[in-house]
Amino acid sequence: MSSNPDTWERGGIDQRTDTLTRIRSVLLQHGRLGKDAMKLAENDDLYAAGMTSLASVNVMLALESEFGVEFPDQMLNRSMFITVGAIEAALRTAAGA
Amino acid sequence: MRQPFEQPRALERPTLELIDAIRTKVVDVAARFADQVDRHARFPVETVNALKEARALSAAVPRELGGLGCGMRELATMCSTLAGACGSSAMVLAMHHIQVACLVRHGQSSPELRQYLKDLAAHQYLLGSMTSEVGTQGDTRSSVCAVQRADGRFTLNKDATTASYCAYADAILVTCRRAPDAAASDQVLVLVNQKDCTLEQTTTWDTMGMRGTCSPGFRLESSGPEQHIVPGAFADSSAQTMVPYSHILWASLWWGIAADAVAKAGQFVRAEARKQPGIVPPGAARLAEASAQLQALRHNWLALACEFDELAQRADGPQQLLTMGWALKMNNLKVTASEAAPQVVHKALQIIGVLGFKNDSKFSVTRHYRDVLSASLMISNDRIVGKSASMLLVFKDE
């Protein structure tokens with residue numbers, strides 16, 4: 001997927017679903033969660049699900065690689081990566097940045 | 001943001017009076033008992049009583065609750081002032097301020113915790129800390145034990161490896177998992193009153209330095225009102241309060257220890273110089289080096305204390321304190337200060353020589369040296385550098 005913000009806007013529901021799935025598989029590989037990442041609801045708290053701050057760095061790295069974006073420093077905090085939905089919003093912002 | 005040293009906020013009179021009382025009365029008491037405290041690894045009860053008398057234990061409590069509402073820079077000044085006389089006493093004061101700050105900054109939405117802060121100010125209660133635990137390998141951001149809630153009460157049992165002066169504290173702030181089914185890193189802070197708990201000492205505290213902090217392992221069994229669970233996640237109170245207060249106050253007190261050792265070295269060099277006017281004593285050049293290192297160390301914690309105080313006034317402050325950029329600043333301060341301070345004390349010892357090496361000479365820096373060596377170990381620098389290294393993989397420092 002391109003990091004061009006237009007692509008994100010045009011993609012519609014299918015693309016969003018695809019993005020959420022890709023986020024969940026990044027979490028499955030790198031989040032070290034205590035539950036099945038593929039079954040996470042959009043608003044499930046990832047830290048409550050067992051993600052440590054160290055694991056969250058690996059998640060950020062893997063997201064940057066998977067989606068071809070770079071998160072600006074101001075976005076690198078806990079609340080930006082607290083749920084699957086928050087990550088999706090962060091990816092949109094980073095892609096538009 | 002403006003430069004931190006341009007216009008430091010003027011100190012309020014009660015705060016100035018408190019700092020003055022610490023500089024004179026409390027330091028006198030601490031200095032008088034420091035050797036005994038160190039030799040017998042006993043709690044500096046006289047210093048703590050003097051701190052209570054000066055009403056120093058409510059310095060960080062807001063004024064409307066009966067305290068002085070002191071900011072980071074003022075608290076750091078208190079800790080560094082006391083540190084030269086007795087490192088253990090300064091560490092107890094720093095640990096206490098850290099715990100109070102957690103309650104002040106994260107507990108006030110609970111009326112019971114607000115009331116507790118009023119009581120703390122009125123009675124000058126001492127707060128201890130219990131963050132370490134058997135089975136977490138020194139990682140304060142994960143817990144094995146969990147708080148349980150039933151019928152408006154909590155129960156909490158914890159097996160702590162090093163619990164700061166818990167036998168002498170009026171209450172203890174304890175980290176634990178939010179609930180029995182919570183993840184290891186999903187933690188909360190709980191205020192445990194001494195009267196609501198039993199403490200069974202499980203290990204000893206016969207250490208190289210900081211002997212008066214009396215921090216052996218304890219097995220805690222406690223219960224209390226559910227409202228004594230600090231609202232919100234410890235992940236936030238840790239990043240926004242416990243970490244910055246710890247690293248800035250500790251750095252200030254390590255500087256205070258090093259500054260006192262250098263002051264002794266200075267006295268020694270001046271005494272030598274007076275014996276032979278016209279000849280610069282051999283230790284003078286080393287003294288100049290130590291003085292430069294000391295200045296860098298001081299400006300490091302002072303600048304960050306001022307920056308924290310500014311952030312504390314800003315609407316976006318809490319969010320800024322959660323950023324990776326701020327976490328890295330705190331890690332960098334901790335690591336550099338804890339490595340620099342022992343080097344400065346080492347230099348002071350080289351200047352003074354055997355008289356500094358002796359325990360019973362007026363130039364002795366043996367306790368300073370042993371105390372300051374704890375700096376890189378209390379929260380291991382290796383662990384902190386590891387965390388910074390991983391953050392720098394995504395942080396761009398733009």
# chains A, B, ... in the order shown; residues from 1 in each chain; ligands from 1
>>> interface_residues(of="chain B", to="chain A", cutoff="12 Å", atoms="only C-alpha atoms", output="PDB file with N, CA, C and O atoms, in the first residue's frame")
ATOM      1  N   ASP B 139      12.064  -5.055  37.125  1.00  0.00           N
ATOM      2  CA  ASP B 139      11.265  -4.215  36.240  1.00  0.00           C
ATOM      3  C   ASP B 139      10.087  -3.641  37.024  1.00  0.00           C
ATOM      4  O   ASP B 139       9.129  -4.343  37.316  1.00  0.00           O
ATOM      5  N   THR B 140      10.160  -2.331  37.345  1.00  0.00           N
ATOM      6  CA  THR B 140       9.098  -1.736  38.157  1.00  0.00           C
ATOM      7  C   THR B 140       7.791  -1.604  37.377  1.00  0.00           C
ATOM      8  O   THR B 140       6.752  -1.348  37.964  1.00  0.00           O
ATOM      9  N   ARG B 141       7.871  -1.759  36.042  1.00  0.00           N
ATOM     10  CA  ARG B 141       6.663  -1.618  35.236  1.00  0.00           C
ATOM     11  C   ARG B 141       5.962  -2.955  34.980  1.00  0.00           C
ATOM     12  O   ARG B 141       5.172  -3.083  34.048  1.00  0.00           O
ATOM     13  N   SER B 142       6.272  -3.937  35.805  1.00  0.00           N
ATOM     14  CA  SER B 142       5.447  -5.135  35.779  1.00  0.00           C
ATOM     15  C   SER B 142       5.301  -5.674  37.195  1.00  0.00           C
ATOM     16  O   SER B 142       6.174  -5.464  38.036  1.00  0.00           O
ATOM     17  N   SER B 143       4.175  -6.290  37.468  1.00  0.00           N
ATOM     18  CA  SER B 143       3.889  -6.821  38.798  1.00  0.00           C
ATOM     19  C   SER B 143       3.406  -8.256  38.714  1.00  0.00           C
ATOM     20  O   SER B 143       2.820  -8.671  37.708  1.00  0.00           O
ATOM     21  N   ARG B 177      -0.777  -5.365  40.093  1.00  0.00           N
ATOM     22  CA  ARG B 177      -1.671  -5.463  38.938  1.00  0.00           C
ATOM     23  C   ARG B 177      -3.058  -4.948  39.332  1.00  0.00           C
ATOM     24  O   ARG B 177      -3.461  -5.031  40.486  1.00  0.00           O
ATOM     25  N   ARG B 178      -3.759  -4.425  38.325  1.00  0.00           N
ATOM     26  CA  ARG B 178      -5.066  -3.794  38.556  1.00  0.00           C
ATOM     27  C   ARG B 178      -6.099  -4.753  39.136  1.00  0.00           C
ATOM     28  O   ARG B 178      -6.943  -4.385  39.941  1.00  0.00           O
ATOM     29  N   ALA B 179      -6.011  -6.031  38.730  1.00  0.00           N
ATOM     30  CA  ALA B 179      -6.976  -7.044  39.165  1.00  0.00           C
ATOM     31  C   ALA B 179      -6.320  -8.410  38.960  1.00  0.00           C
ATOM     32  O   ALA B 179      -5.319  -8.514  38.247  1.00  0.00           O
ATOM     33  N   ASP B 181      -7.001 -10.794  37.110  1.00  0.00           N
ATOM     34  CA  ASP B 181      -6.905 -11.262  35.723  1.00  0.00           C
ATOM     35  C   ASP B 181      -6.197 -10.249  34.820  1.00  0.00           C
ATOM     36  O   ASP B 181      -6.223 -10.374  33.602  1.00  0.00           O
ATOM     37  N   ALA B 182      -5.550  -9.228  35.417  1.00  0.00           N
ATOM     38  CA  ALA B 182      -4.895  -8.191  34.604  1.00  0.00           C
ATOM     39  C   ALA B 182      -3.503  -8.643  34.172  1.00  0.00           C
ATOM     40  O   ALA B 182      -2.873  -9.482  34.816  1.00  0.00           O
ATOM     41  N   ALA B 183      -3.035  -8.061  33.043  1.00  0.00           N
ATOM     42  CA  ALA B 183      -1.688  -8.365  32.548  1.00  0.00           C
ATOM     43  C   ALA B 183      -0.635  -7.807  33.513  1.00  0.00           C
ATOM     44  O   ALA B 183      -0.925  -6.906  34.304  1.00  0.00           O
ATOM     45  N   ALA B 184       0.598  -8.336  33.415  1.00  0.00           N
ATOM     46  CA  ALA B 184       1.673  -7.946  34.332  1.00  0.00           C
ATOM     47  C   ALA B 184       1.950  -6.446  34.295  1.00  0.00           C
ATOM     48  O   ALA B 184       2.307  -5.843  35.299  1.00  0.00           O
ATOM     49  N   SER B 185       1.785  -5.832  33.120  1.00  0.00           N
ATOM     50  CA  SER B 185       2.103  -4.410  32.995  1.00  0.00           C
ATOM     51  C   SER B 185       0.890  -3.501  33.225  1.00  0.00           C
ATOM     52  O   SER B 185       1.002  -2.286  33.170  1.00  0.00           O
ATOM     53  N   ASP B 186      -0.271  -4.094  33.488  1.00  0.00           N
ATOM     54  CA  ASP B 186      -1.484  -3.313  33.726  1.00  0.00           C
ATOM     55  C   ASP B 186      -1.591  -3.057  35.232  1.00  0.00           C
ATOM     56  O   ASP B 186      -2.277  -3.757  35.957  1.00  0.00           O
ATOM     57  N   GLN B 187      -0.870  -1.994  35.673  1.00  0.00           N
ATOM     58  CA  GLN B 187      -0.682  -1.797  37.115  1.00  0.00           C
ATOM     59  C   GLN B 187      -1.453  -0.594  37.663  1.00  0.00           C
ATOM     60  O   GLN B 187      -1.807   0.326  36.933  1.00  0.00           O
ATOM     61  N   VAL B 188      -1.633  -0.613  38.975  1.00  0.00           N
ATOM     62  CA  VAL B 188      -2.145   0.545  39.705  1.00  0.00           C
ATOM     63  C   VAL B 188      -1.268   0.766  40.940  1.00  0.00           C
ATOM     64  O   VAL B 188      -0.467  -0.096  41.314  1.00  0.00           O
ATOM     65  N   ALA B 233      -4.156   4.621  35.548  1.00  0.00           N
ATOM     66  CA  ALA B 233      -3.160   3.568  35.361  1.00  0.00           C
ATOM     67  C   ALA B 233      -1.801   4.021  35.884  1.00  0.00           C
ATOM     68  O   ALA B 233      -1.430   5.189  35.736  1.00  0.00           O
ATOM     69  N   PHE B 234      -1.057   3.085  36.493  1.00  0.00           N
ATOM     70  CA  PHE B 234       0.304   3.408  36.939  1.00  0.00           C
ATOM     71  C   PHE B 234       1.193   3.731  35.733  1.00  0.00           C
ATOM     72  O   PHE B 234       2.160   4.485  35.856  1.00  0.00           O
ATOM     73  N   ALA B 235       0.838   3.184  34.550  1.00  0.00           N
ATOM     74  CA  ALA B 235       1.615   3.509  33.346  1.00  0.00           C
ATOM     75  C   ALA B 235       1.694   5.026  33.180  1.00  0.00           C
ATOM     76  O   ALA B 235       2.754   5.565  32.854  1.00  0.00           O
ATOM     77  N   ASP B 236       0.581   5.724  33.422  1.00  0.00           N
ATOM     78  CA  ASP B 236       0.570   7.178  33.280  1.00  0.00           C
ATOM     79  C   ASP B 236       1.245   7.861  34.466  1.00  0.00           C
ATOM     80  O   ASP B 236       2.071   8.754  34.283  1.00  0.00           O
ATOM     81  N   ALA B 239       5.027   7.502  34.174  1.00  0.00           N
ATOM     82  CA  ALA B 239       5.689   8.351  33.176  1.00  0.00           C
ATOM     83  C   ALA B 239       5.577   9.832  33.520  1.00  0.00           C
ATOM     84  O   ALA B 239       6.516  10.596  33.320  1.00  0.00           O
ATOM     85  N   GLN B 240       4.404  10.235  34.048  1.00  0.00           N
ATOM     86  CA  GLN B 240       4.175  11.670  34.271  1.00  0.00           C
ATOM     87  C   GLN B 240       4.716  12.148  35.613  1.00  0.00           C
ATOM     88  O   GLN B 240       4.938  13.337  35.802  1.00  0.00           O
ATOM     89  N   ASP B 316      -0.853  21.268  27.849  1.00  0.00           N
ATOM     90  CA  ASP B 316      -0.447  20.042  27.160  1.00  0.00           C
ATOM     91  C   ASP B 316       0.680  19.318  27.915  1.00  0.00           C
ATOM     92  O   ASP B 316       1.239  18.343  27.417  1.00  0.00           O
ATOM     93  N   PRO B 318       0.759  17.250  30.631  1.00  0.00           N
ATOM     94  CA  PRO B 318       0.608  15.811  30.878  1.00  0.00           C
ATOM     95  C   PRO B 318       0.887  14.969  29.629  1.00  0.00           C
ATOM     96  O   PRO B 318       1.499  13.903  29.713  1.00  0.00           O
ATOM     97  N   GLN B 319       0.453  15.489  28.459  1.00  0.00           N
ATOM     98  CA  GLN B 319       0.677  14.769  27.210  1.00  0.00           C
ATOM     99  C   GLN B 319       2.166  14.781  26.841  1.00  0.00           C
ATOM    100  O   GLN B 319       2.717  13.767  26.401  1.00  0.00           O
ATOM    101  N   GLN B 320       2.810  15.924  27.046  1.00  0.00           N
ATOM    102  CA  GLN B 320       4.245  16.036  26.744  1.00  0.00           C
ATOM    103  C   GLN B 320       5.067  15.049  27.575  1.00  0.00           C
ATOM    104  O   GLN B 320       6.055  14.492  27.111  1.00  0.00           O
ATOM    105  N   LEU B 321       4.637  14.867  28.839  1.00  0.00           N
ATOM    106  CA  LEU B 321       5.391  13.973  29.727  1.00  0.00           C
ATOM    107  C   LEU B 321       5.245  12.513  29.316  1.00  0.00           C
ATOM    108  O   LEU B 321       6.004  11.656  29.770  1.00  0.00           O
ATOM    109  N   LEU B 322       4.248  12.224  28.459  1.00  0.00           N
ATOM    110  CA  LEU B 322       4.065  10.844  27.996  1.00  0.00           C
ATOM    111  C   LEU B 322       4.835  10.565  26.711  1.00  0.00           C
ATOM    112  O   LEU B 322       4.832   9.438  26.215  1.00  0.00           O
ATOM    113  N   THR B 323       5.492  11.588  26.156  1.00  0.00           N
ATOM    114  CA  THR B 323       6.182  11.361  24.884  1.00  0.00           C
ATOM    115  C   THR B 323       7.507  10.627  25.089  1.00  0.00           C
ATOM    116  O   THR B 323       8.102  10.661  26.173  1.00  0.00           O
ATOM    117  N   MET B 324       7.947  10.010  24.024  1.00  0.00           N
ATOM    118  CA  MET B 324       9.214   9.298  24.049  1.00  0.00           C
ATOM    119  C   MET B 324      10.371  10.277  24.239  1.00  0.00           C
ATOM    120  O   MET B 324      11.366   9.969  24.890  1.00  0.00           O
ATOM    121  N   GLY B 325      10.216  11.484  23.686  1.00  0.00           N
ATOM    122  CA  GLY B 325      11.267  12.494  23.824  1.00  0.00           C
ATOM    123  C   GLY B 325      11.542  12.809  25.282  1.00  0.00           C
ATOM    124  O   GLY B 325      12.702  12.884  25.715  1.00  0.00           O
ATOM    125  N   TRP B 326      10.491  12.969  26.071  1.00  0.00           N
ATOM    126  CA  TRP B 326      10.667  13.265  27.498  1.00  0.00           C
ATOM    127  C   TRP B 326      11.250  12.042  28.235  1.00  0.00           C
ATOM    128  O   TRP B 326      12.135  12.187  29.082  1.00  0.00           O
ATOM    129  N   ALA B 327      10.749  10.855  27.899  1.00  0.00           N
ATOM    130  CA  ALA B 327      11.261   9.637  28.549  1.00  0.00           C
ATOM    131  C   ALA B 327      12.766   9.509  28.309  1.00  0.00           C
ATOM    132  O   ALA B 327      13.526   9.149  29.216  1.00  0.00           O
ATOM    133  N   LEU B 328      13.203   9.843  27.091  1.00  0.00           N
ATOM    134  CA  LEU B 328      14.642   9.759  26.787  1.00  0.00           C
ATOM    135  C   LEU B 328      15.435  10.779  27.588  1.00  0.00           C
ATOM    136  O   LEU B 328      16.522  10.485  28.089  1.00  0.00           O
ATOM    137  N   ARG B 383      19.568  -1.493  32.398  1.00  0.00           N
ATOM    138  CA  ARG B 383      18.164  -1.623  32.005  1.00  0.00           C
ATOM    139  C   ARG B 383      17.701  -0.328  31.318  1.00  0.00           C
ATOM    140  O   ARG B 383      17.024  -0.361  30.281  1.00  0.00           O
ATOM    141  N   ILE B 384      18.096   0.807  31.875  1.00  0.00           N
ATOM    142  CA  ILE B 384      17.649   2.096  31.322  1.00  0.00           C
ATOM    143  C   ILE B 384      18.252   2.331  29.938  1.00  0.00           C
ATOM    144  O   ILE B 384      17.557   2.749  29.008  1.00  0.00           O
ATOM    145  N   GLY B 386      19.161   0.087  27.873  1.00  0.00           N
ATOM    146  CA  GLY B 386      18.473  -0.842  26.972  1.00  0.00           C
ATOM    147  C   GLY B 386      17.154  -0.267  26.478  1.00  0.00           C
ATOM    148  O   GLY B 386      16.814  -0.364  25.291  1.00  0.00           O
ATOM    149  N   LYS B 387      16.409   0.359  27.404  1.00  0.00           N
ATOM    150  CA  LYS B 387      15.119   0.956  27.009  1.00  0.00           C
ATOM    151  C   LYS B 387      15.347   2.128  26.060  1.00  0.00           C
ATOM    152  O   LYS B 387      14.621   2.294  25.077  1.00  0.00           O
ATOM    153  N   SER B 388      16.352   2.965  26.382  1.00  0.00           N
ATOM    154  CA  SER B 388      16.655   4.095  25.494  1.00  0.00           C
ATOM    155  C   SER B 388      17.042   3.596  24.111  1.00  0.00           C
ATOM    156  O   SER B 388      16.614   4.152  23.093  1.00  0.00           O
ATOM    157  N   ALA B 389      17.872   2.549  24.081  1.00  0.00           N
ATOM    158  CA  ALA B 389      18.329   2.012  22.797  1.00  0.00           C
ATOM    159  C   ALA B 389      17.137   1.596  21.949  1.00  0.00           C
ATOM    160  O   ALA B 389      17.076   1.881  20.750  1.00  0.00           O
ATOM    161  N   SER B 390      16.155   0.951  22.587  1.00  0.00           N
ATOM    162  CA  SER B 390      15.004   0.499  21.796  1.00  0.00           C
ATOM    163  C   SER B 390      14.156   1.690  21.357  1.00  0.00           C
ATOM    164  O   SER B 390      13.640   1.715  20.242  1.00  0.00           O
ATOM    165  N   MET B 391      14.025   2.717  22.213  1.00  0.00           N
ATOM    166  CA  MET B 391      13.243   3.901  21.815  1.00  0.00           C
ATOM    167  C   MET B 391      13.897   4.623  20.655  1.00  0.00           C
ATOM    168  O   MET B 391      13.214   5.142  19.765  1.00  0.00           O
ATOM    169  N   LEU B 392      15.232   4.651  20.656  1.00  0.00           N
ATOM    170  CA  LEU B 392      15.945   5.375  19.585  1.00  0.00           C
ATOM    171  C   LEU B 392      15.803   4.698  18.226  1.00  0.00           C
ATOM    172  O   LEU B 392      16.146   5.277  17.203  1.00  0.00           O
ATOM    173  N   LEU B 393      15.271   3.472  18.228  1.00  0.00           N
ATOM    174  CA  LEU B 393      15.006   2.817  16.937  1.00  0.00           C
ATOM    175  C   LEU B 393      13.851   3.476  16.203  1.00  0.00           C
ATOM    176  O   LEU B 393      13.769   3.416  14.978  1.00  0.00           O
ATOM    177  N   VAL B 394      12.945   4.113  16.960  1.00  0.00           N
ATOM    178  CA  VAL B 394      11.829   4.802  16.287  1.00  0.00           C
ATOM    179  C   VAL B 394      11.857   6.316  16.483  1.00  0.00           C
ATOM    180  O   VAL B 394      11.263   7.055  15.716  1.00  0.00           O
ATOM    181  N   PHE B 395      12.570   6.779  17.521  1.00  0.00           N
ATOM    182  CA  PHE B 395      12.596   8.222  17.813  1.00  0.00           C
ATOM    183  C   PHE B 395      13.599   8.914  16.885  1.00  0.00           C
ATOM    184  O   PHE B 395      14.725   8.452  16.729  1.00  0.00           O
ATOM    185  N   LYS B 396      13.146  10.037  16.277  1.00  0.00           N
ATOM    186  CA  LYS B 396      14.015  10.685  15.271  1.00  0.00           C
ATOM    187  C   LYS B 396      14.713  11.922  15.812  1.00  0.00           C
ATOM    188  O   LYS B 396      15.573  12.484  15.140  1.00  0.00           O
ATOM    189  N   ASP B 397      14.307  12.418  16.999  1.00  0.00           N
ATOM    190  CA  ASP B 397      14.903  13.616  17.603  1.00  0.00           C
ATOM    191  C   ASP B 397      14.880  14.798  16.633  1.00  0.00           C
ATOM    192  O   ASP B 397      15.894  15.434  16.393  1.00  0.00           O
ATOM    193  N   GLU B 398      13.700  15.051  16.089  1.00  0.00           N
ATOM    194  CA  GLU B 398      13.593  16.141  15.093  1.00  0.00           C
ATOM    195  C   GLU B 398      13.322  17.460  15.781  1.00  0.00           C
ATOM    196  O   GLU B 398      12.679  17.495  16.813  1.00  0.00           O
TER     197      GLU B 398
END
>>> residues_around(residues="Asp28 of chain B", least_positions_apart="3", cutoff="12 Å", atoms="only C-alpha atoms", output="MDAnalysis selection string")
chainID B and resid 20:25 31:34 46:47 50:51 81:86
>>> write_last_selection(atoms="C-alpha atoms", output="PDB file, in the first residue's frame")
ATOM      1  CA  ASP B  20      16.686  27.795  54.982  1.00  0.00           C
ATOM      2  CA  ALA B  21      15.563  25.551  57.875  1.00  0.00           C
ATOM      3  CA  ILE B  22      16.851  22.507  55.985  1.00  0.00           C
ATOM      4  CA  ARG B  23      20.158  24.239  55.212  1.00  0.00           C
ATOM      5  CA  THR B  24      20.732  25.068  58.863  1.00  0.00           C
ATOM      6  CA  LYS B  25      18.772  23.021  61.421  1.00  0.00           C
ATOM      7  CA  ALA B  31      25.521  15.668  59.994  1.00  0.00           C
ATOM      8  CA  ARG B  32      25.610  14.887  63.712  1.00  0.00           C
ATOM      9  CA  PHE B  33      24.050  11.438  63.283  1.00  0.00           C
ATOM     10  CA  ALA B  34      25.297  10.511  59.797  1.00  0.00           C
ATOM     11  CA  GLU B  46      16.567  12.238  64.144  1.00  0.00           C
ATOM     12  CA  THR B  47      16.806  13.794  60.678  1.00  0.00           C
ATOM     13  CA  ALA B  50      13.836  17.471  62.193  1.00  0.00           C
ATOM     14  CA  LEU B  51      12.264  17.411  58.710  1.00  0.00           C
ATOM     15  CA  THR B  81      21.076  20.491  50.406  1.00  0.00           C
ATOM     16  CA  LEU B  82      20.575  17.559  52.742  1.00  0.00           C
ATOM     17  CA  ALA B  83      22.624  15.092  50.686  1.00  0.00           C
ATOM     18  CA  GLY B  84      26.033  16.469  51.626  1.00  0.00           C
ATOM     19  CA  ALA B  85      25.352  15.922  55.320  1.00  0.00           C
ATOM     20  CA  CYS B  86      23.745  12.470  55.044  1.00  0.00           C
TER      21      CYS B  86
END
>>> residues_around(residues="segment 88-90 of chain B", least_positions_apart="3", cutoff="9 Å", atoms="only C-alpha atoms", output="JSON, numbers by chain")
{"B": [30, 34, 37, 38, 43, 44, 45, 47, 48, 78, 79, 80, 81, 82, 83, 84, 85, 93, 94, 95, 209, 210, 211, 212, 213, 214, 250, 253, 371]}
>>> residues_around(residues="Ala41 of chain A", least_positions_apart="6", cutoff="12 Å", atoms="only C-alpha atoms", output="list in words")
Leu20, Thr21, Ile23, Arg24, Lys35, Ala49, Ile82, Thr83, Val84, Gly85 and Ala86 of chain A
>>> atom_distance(atom1="atom CA of Asp170 of chain B", atom2="atom CA of Leu75 of chain B")
20.5 Å
>>> atom_distance(atom1="atom CA of Ala265 of chain B", atom2="atom CA of Ile352 of chain B")
5.6 Å
>>> select_by_dssp(residues="segment 182-336 of chain B", states="helix (DSSP H, G or I)", output="ChimeraX atom specification")
/B:194-196,211-213,226-228,234-275,283-313,317-320,324-336
>>> residues_around(residues="Glu112 of chain B", least_positions_apart="5", cutoff="10 Å", atoms="only C-alpha atoms", output="list in words")
Gly107, Leu117, Lys118, Pro225, Glu226, Gln227, His228 and Ile229 of chain B
>>> closest_residue(among="B:Ser223, B:Ser246, B:Ser164, B:Gln267", to="Ser129 of chain B", atoms="only C-alpha atoms")
B:Ser164
>>> closest_residue(among="A:His30, A:Leu40, A:Ala94, A:Glu88", to="Asp18 of chain A", atoms="only C-alpha atoms")
A:Glu88
